[in-house]
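Data file: entry_32.pdb. Format and content: PDB, C-alpha atoms and all ligand atoms.
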```
ATOM      1  CA  MET H   1     -10.238 -43.910  10.457
ATOM      2  CA  PRO H   2      -8.620 -44.250  13.915
ATOM      3  CA  VAL H   3      -9.035 -47.549  15.738
ATOM      4  CA  ILE H   4      -9.539 -47.426  19.484
ATOM      5  CA  ASN H   5      -9.741 -50.759  21.281
ATOM      6  CA  GLY H   6     -10.729 -52.485  18.070
ATOM      7  CA  VAL H   7     -13.457 -49.966  17.233
ATOM      8  CA  SER H   8     -12.852 -47.423  14.507
ATOM      9  CA  LYS H   9     -14.592 -44.085  14.557
ATOM     10  CA  PRO H  10     -14.780 -41.141  12.201
ATOM     11  CA  ALA H  11     -13.856 -37.633  13.290
ATOM     12  CA  GLY H  12     -16.607 -35.924  15.246
ATOM     13  CA  VAL H  13     -17.964 -39.144  16.761
ATOM     14  CA  ARG H  14     -17.818 -39.453  20.550
ATOM     15  CA  CYS H  15     -15.164 -41.894  21.732
ATOM     16  CA  ILE H  16     -16.644 -45.028  23.265
ATOM     17  CA  GLN H  17     -14.126 -44.707  26.118
ATOM     18  CA  LEU H  18     -15.670 -41.475  27.461
ATOM     19  CA  ASP H  19     -17.803 -41.890  30.567
ATOM     20  CA  ALA H  20     -20.853 -39.806  31.483
ATOM     21  CA  GLN H  21     -18.586 -37.126  32.999
ATOM     22  CA  ASP H  22     -16.473 -36.934  29.792
ATOM     23  CA  ARG H  23     -13.519 -38.681  31.434
ATOM     24  CA  CYS H  24     -11.401 -41.247  29.621
ATOM     25  CA  GLN H  25     -12.139 -44.687  31.075
ATOM     26  CA  ILE H  26      -8.788 -46.082  29.950
ATOM     27  CA  PHE H  27      -6.591 -43.160  31.045
ATOM     28  CA  GLY H  28      -3.223 -44.591  32.107
ATOM     29  CA  HIS H  29      -4.050 -48.028  30.669
ATOM     30  CA  PRO H  30      -1.649 -49.566  28.106
ATOM     31  CA  ASP H  31      -4.546 -49.958  25.636
ATOM     32  CA  ARG H  32      -5.014 -46.211  25.474
ATOM     33  CA  PRO H  33      -4.020 -45.169  21.938
ATOM     34  CA  ALA H  34      -0.575 -43.604  21.617
ATOM     35  CA  VAL H  35      -2.068 -40.565  19.897
ATOM     36  CA  CYS H  36      -4.147 -39.903  23.024
ATOM     37  CA  SER H  37      -1.185 -40.369  25.363
ATOM     38  CA  SER H  38       0.991 -38.051  23.284
ATOM     39  CA  LEU H  39      -1.493 -35.185  23.244
ATOM     40  CA  GLN H  40      -0.381 -32.425  25.576
ATOM     41  CA  PRO H  41      -3.220 -30.069  26.426
ATOM     42  CA  SER H  42      -2.459 -26.372  26.407
ATOM     43  CA  GLU H  43      -4.355 -23.221  27.259
ATOM     44  CA  GLN H  44      -4.173 -22.223  23.590
ATOM     45  CA  MET H  45      -5.906 -25.459  22.553
ATOM     46  CA  CYS H  46      -8.367 -25.849  25.429
ATOM     47  CA  GLY H  47      -9.213 -22.227  26.178
ATOM     48  CA  GLU H  48     -11.073 -21.518  29.376
ATOM     49  CA  SER H  49     -14.086 -23.751  28.905
ATOM     50  CA  ARG H  50     -15.369 -26.910  27.266
ATOM     51  CA  GLU H  51     -17.212 -24.723  24.719
ATOM     52  CA  GLN H  52     -13.983 -22.984  23.678
ATOM     53  CA  ALA H  53     -12.179 -26.326  23.390
ATOM     54  CA  MET H  54     -14.979 -27.821  21.276
ATOM     55  CA  ARG H  55     -14.976 -24.788  18.945
ATOM     56  CA  TRP H  56     -11.229 -25.149  18.451
ATOM     57  CA  LEU H  57     -11.483 -28.897  17.870
ATOM     58  CA  GLY H  58     -14.271 -28.339  15.345
ATOM     59  CA  TRP H  59     -12.127 -25.814  13.493
ATOM     60  CA  MET H  60      -9.146 -28.197  13.459
ATOM     61  CA  GLU H  61     -11.318 -31.049  12.145
ATOM     62  CA  GLN H  62     -12.565 -28.872   9.310
ATOM     63  CA  ALA H  63      -9.094 -27.531   8.525
ATOM     64  CA  THR H  64      -7.551 -31.015   8.342
ATOM     65  CA  ALA H  65     -10.426 -32.886   6.666
ATOM     66  CA  PRO H  66      -9.412 -34.773   3.527
TER
HETATM   67  S1  LIG A   1      -8.162 -40.022  25.546
HETATM   68 FE1  LIG A   1      -8.414 -41.240  23.687
HETATM   69  S2  LIG A   1      -9.301 -43.184  24.395
HETATM   70 FE2  LIG A   1      -9.565 -41.712  26.036
HETATM   71  S3  LIG A   1     -11.601 -40.849  25.691
HETATM   72 FE3  LIG A   1     -10.150 -39.500  24.652
HETATM   73  S4  LIG A   1     -10.085 -40.238  22.554
HETATM   74 FE4  LIG A   1     -10.989 -41.864  23.812
END
```
Could you write out this structure as structure tokens?
Amino acid sequence: MPVINGVSKPAGVRCIQLDAQDRCQIFGHPDRPAVCSSLQPSEQMCGESREQAMRWLGWMEQATAP
């Protein structure tokens, strides 16, 4: 289970660092997990809307679940 700022969360659970506008509150901060900093968004991954991105993320979670 990933640990973000001392709090672990399972896949599919909203990150505690997201604000009400779905923005990362620790963006650019050294405490931001390396996995977050290394993620490079792409049109293929994000699509054209939040709904498309969430569908893709849901598929990836299912495809990589243990
Ligand atoms: S970038 Fe990482 S720390 Fe920031 S909201 Fe997303 S998952 Fe959480």
Task: Separation of CA of Glu48 (chain H) from CA of Pro66 (chain H) in Å - done: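 It comes out at 29.1 Å.
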- [ ] Can you tell me which residues come within 10 Å of ligand LIG 1 (chain A) when counting only C-alpha atoms and all ligand atoms, ideally as a list of chain:residue names?
- [x]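 If we count only C-alpha atoms and all ligand atoms, the neighbours of ligand LIG 1 (chain A) turn out to be H:Pro2, H:Val3, H:Ile4, H:Asn5, H:Lys9, H:Val13, H:Arg14, H:Cys15, H:Ile16, H:Gln17, H:Leu18, H:Asp19, H:Asp22, H:Arg23, H:Cys24, H:Gln25, H:Ile26, H:Phe27, H:Gly28, H:His29, H:Asp31, H:Arg32, H:Pro33, H:Ala34, H:Val35, H:Cys36, H:Ser37, H:Ser38, H:Leu39.
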- [ ] Would you mind reading off the distance between CA of Gln52 (chain H) and CA of Pro30 (chain H), one decimal, in Å?
- [x]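 Pair CA of Gln52 (chain H) / CA of Pro30 (chain H) returns 29.6 Å.
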Open item on the list: So the first atom is CA of Met45 (chain H) and the second is CA of Met60 (chain H); what is the distance between them in Å, to one decimal place?
Closed with: 10.0 Å
TODO: Mind checking which residues fall within 10 Å of Gly12 (chain H), counting only C-alpha atoms, ignoring those fewer than 4 positions away in the same chain, and posting them as a VMD selection string?
DONE: chain H and resid 57 to 58 61
Open item on the list: Set the distance at 12 Å and use only C-alpha atoms: which residues neighbour Trp56 (chain H) once local chain neighbours fewer than 5 positions away are removed? I'd like the list as a PyMOL selection string.
Closed with: chain H and resi 42-51+61-63
What would region 43-60 of chain H look like if you wrote it out as a PDB file, in the first residue's frame, with N, CA and C atoms included, from the block I just posted?
```pdb
ATOM      1  N   GLU H  43      -1.879  12.786 -23.355  1.00  0.00           N
ATOM      2  CA  GLU H  43      -3.231  12.793 -23.893  1.00  0.00           C
ATOM      3  C   GLU H  43      -3.800  11.383 -23.914  1.00  0.00           C
ATOM      4  N   GLN H  44      -2.940  10.391 -24.189  1.00  0.00           N
ATOM      5  CA  GLN H  44      -3.392   9.005 -24.228  1.00  0.00           C
ATOM      6  C   GLN H  44      -3.923   8.571 -22.863  1.00  0.00           C
ATOM      7  N   MET H  45      -3.271   9.009 -21.791  1.00  0.00           N
ATOM      8  CA  MET H  45      -3.662   8.612 -20.443  1.00  0.00           C
ATOM      9  C   MET H  45      -4.839   9.450 -19.929  1.00  0.00           C
ATOM     10  N   CYS H  46      -4.821  10.739 -20.207  1.00  0.00           N
ATOM     11  CA  CYS H  46      -5.817  11.637 -19.612  1.00  0.00           C
ATOM     12  C   CYS H  46      -7.047  11.845 -20.480  1.00  0.00           C
ATOM     13  N   GLY H  47      -6.929  11.580 -21.782  1.00  0.00           N
ATOM     14  CA  GLY H  47      -8.058  11.815 -22.668  1.00  0.00           C
ATOM     15  C   GLY H  47      -8.396  13.291 -22.746  1.00  0.00           C
ATOM     16  N   GLU H  48      -9.666  13.559 -22.958  1.00  0.00           N
ATOM     17  CA  GLU H  48     -10.108  14.942 -23.122  1.00  0.00           C
ATOM     18  C   GLU H  48     -10.938  15.443 -21.965  1.00  0.00           C
ATOM     19  N   SER H  49     -11.131  14.588 -20.952  1.00  0.00           N
ATOM     20  CA  SER H  49     -11.964  15.006 -19.830  1.00  0.00           C
ATOM     21  C   SER H  49     -11.588  14.203 -18.586  1.00  0.00           C
ATOM     22  N   ARG H  50     -12.060  14.694 -17.450  1.00  0.00           N
ATOM     23  CA  ARG H  50     -11.841  13.985 -16.189  1.00  0.00           C
ATOM     24  C   ARG H  50     -12.474  12.587 -16.269  1.00  0.00           C
ATOM     25  N   GLU H  51     -13.656  12.492 -16.892  1.00  0.00           N
ATOM     26  CA  GLU H  51     -14.355  11.208 -16.984  1.00  0.00           C
ATOM     27  C   GLU H  51     -13.518  10.195 -17.774  1.00  0.00           C
ATOM     28  N   GLN H  52     -12.926  10.628 -18.879  1.00  0.00           N
ATOM     29  CA  GLN H  52     -12.074   9.726 -19.656  1.00  0.00           C
ATOM     30  C   GLN H  52     -10.863   9.292 -18.829  1.00  0.00           C
ATOM     31  N   ALA H  53     -10.251  10.230 -18.126  1.00  0.00           N
ATOM     32  CA  ALA H  53      -9.078   9.906 -17.312  1.00  0.00           C
ATOM     33  C   ALA H  53      -9.449   8.913 -16.206  1.00  0.00           C
ATOM     34  N   MET H  54     -10.597   9.115 -15.562  1.00  0.00           N
ATOM     35  CA  MET H  54     -11.002   8.219 -14.485  1.00  0.00           C
ATOM     36  C   MET H  54     -11.324   6.818 -15.011  1.00  0.00           C
ATOM     37  N   ARG H  55     -11.911   6.742 -16.219  1.00  0.00           N
ATOM     38  CA  ARG H  55     -12.168   5.418 -16.814  1.00  0.00           C
ATOM     39  C   ARG H  55     -10.855   4.685 -17.064  1.00  0.00           C
ATOM     40  N   TRP H  56      -9.874   5.395 -17.606  1.00  0.00           N
ATOM     41  CA  TRP H  56      -8.582   4.798 -17.894  1.00  0.00           C
ATOM     42  C   TRP H  56      -7.892   4.363 -16.605  1.00  0.00           C
ATOM     43  N   LEU H  57      -7.922   5.215 -15.596  1.00  0.00           N
ATOM     44  CA  LEU H  57      -7.301   4.863 -14.316  1.00  0.00           C
ATOM     45  C   LEU H  57      -7.977   3.644 -13.703  1.00  0.00           C
ATOM     46  N   GLY H  58      -9.296   3.581 -13.801  1.00  0.00           N
ATOM     47  CA  GLY H  58     -10.030   2.428 -13.272  1.00  0.00           C
ATOM     48  C   GLY H  58      -9.629   1.152 -13.987  1.00  0.00           C
ATOM     49  N   TRP H  59      -9.463   1.244 -15.321  1.00  0.00           N
ATOM     50  CA  TRP H  59      -9.041   0.072 -16.078  1.00  0.00           C
ATOM     51  C   TRP H  59      -7.636  -0.347 -15.657  1.00  0.00           C
ATOM     52  N   MET H  60      -6.728   0.620 -15.504  1.00  0.00           N
ATOM     53  CA  MET H  60      -5.355   0.282 -15.111  1.00  0.00           C
ATOM     54  C   MET H  60      -5.321  -0.345 -13.724  1.00  0.00           C
TER      55      MET H  60
END
```
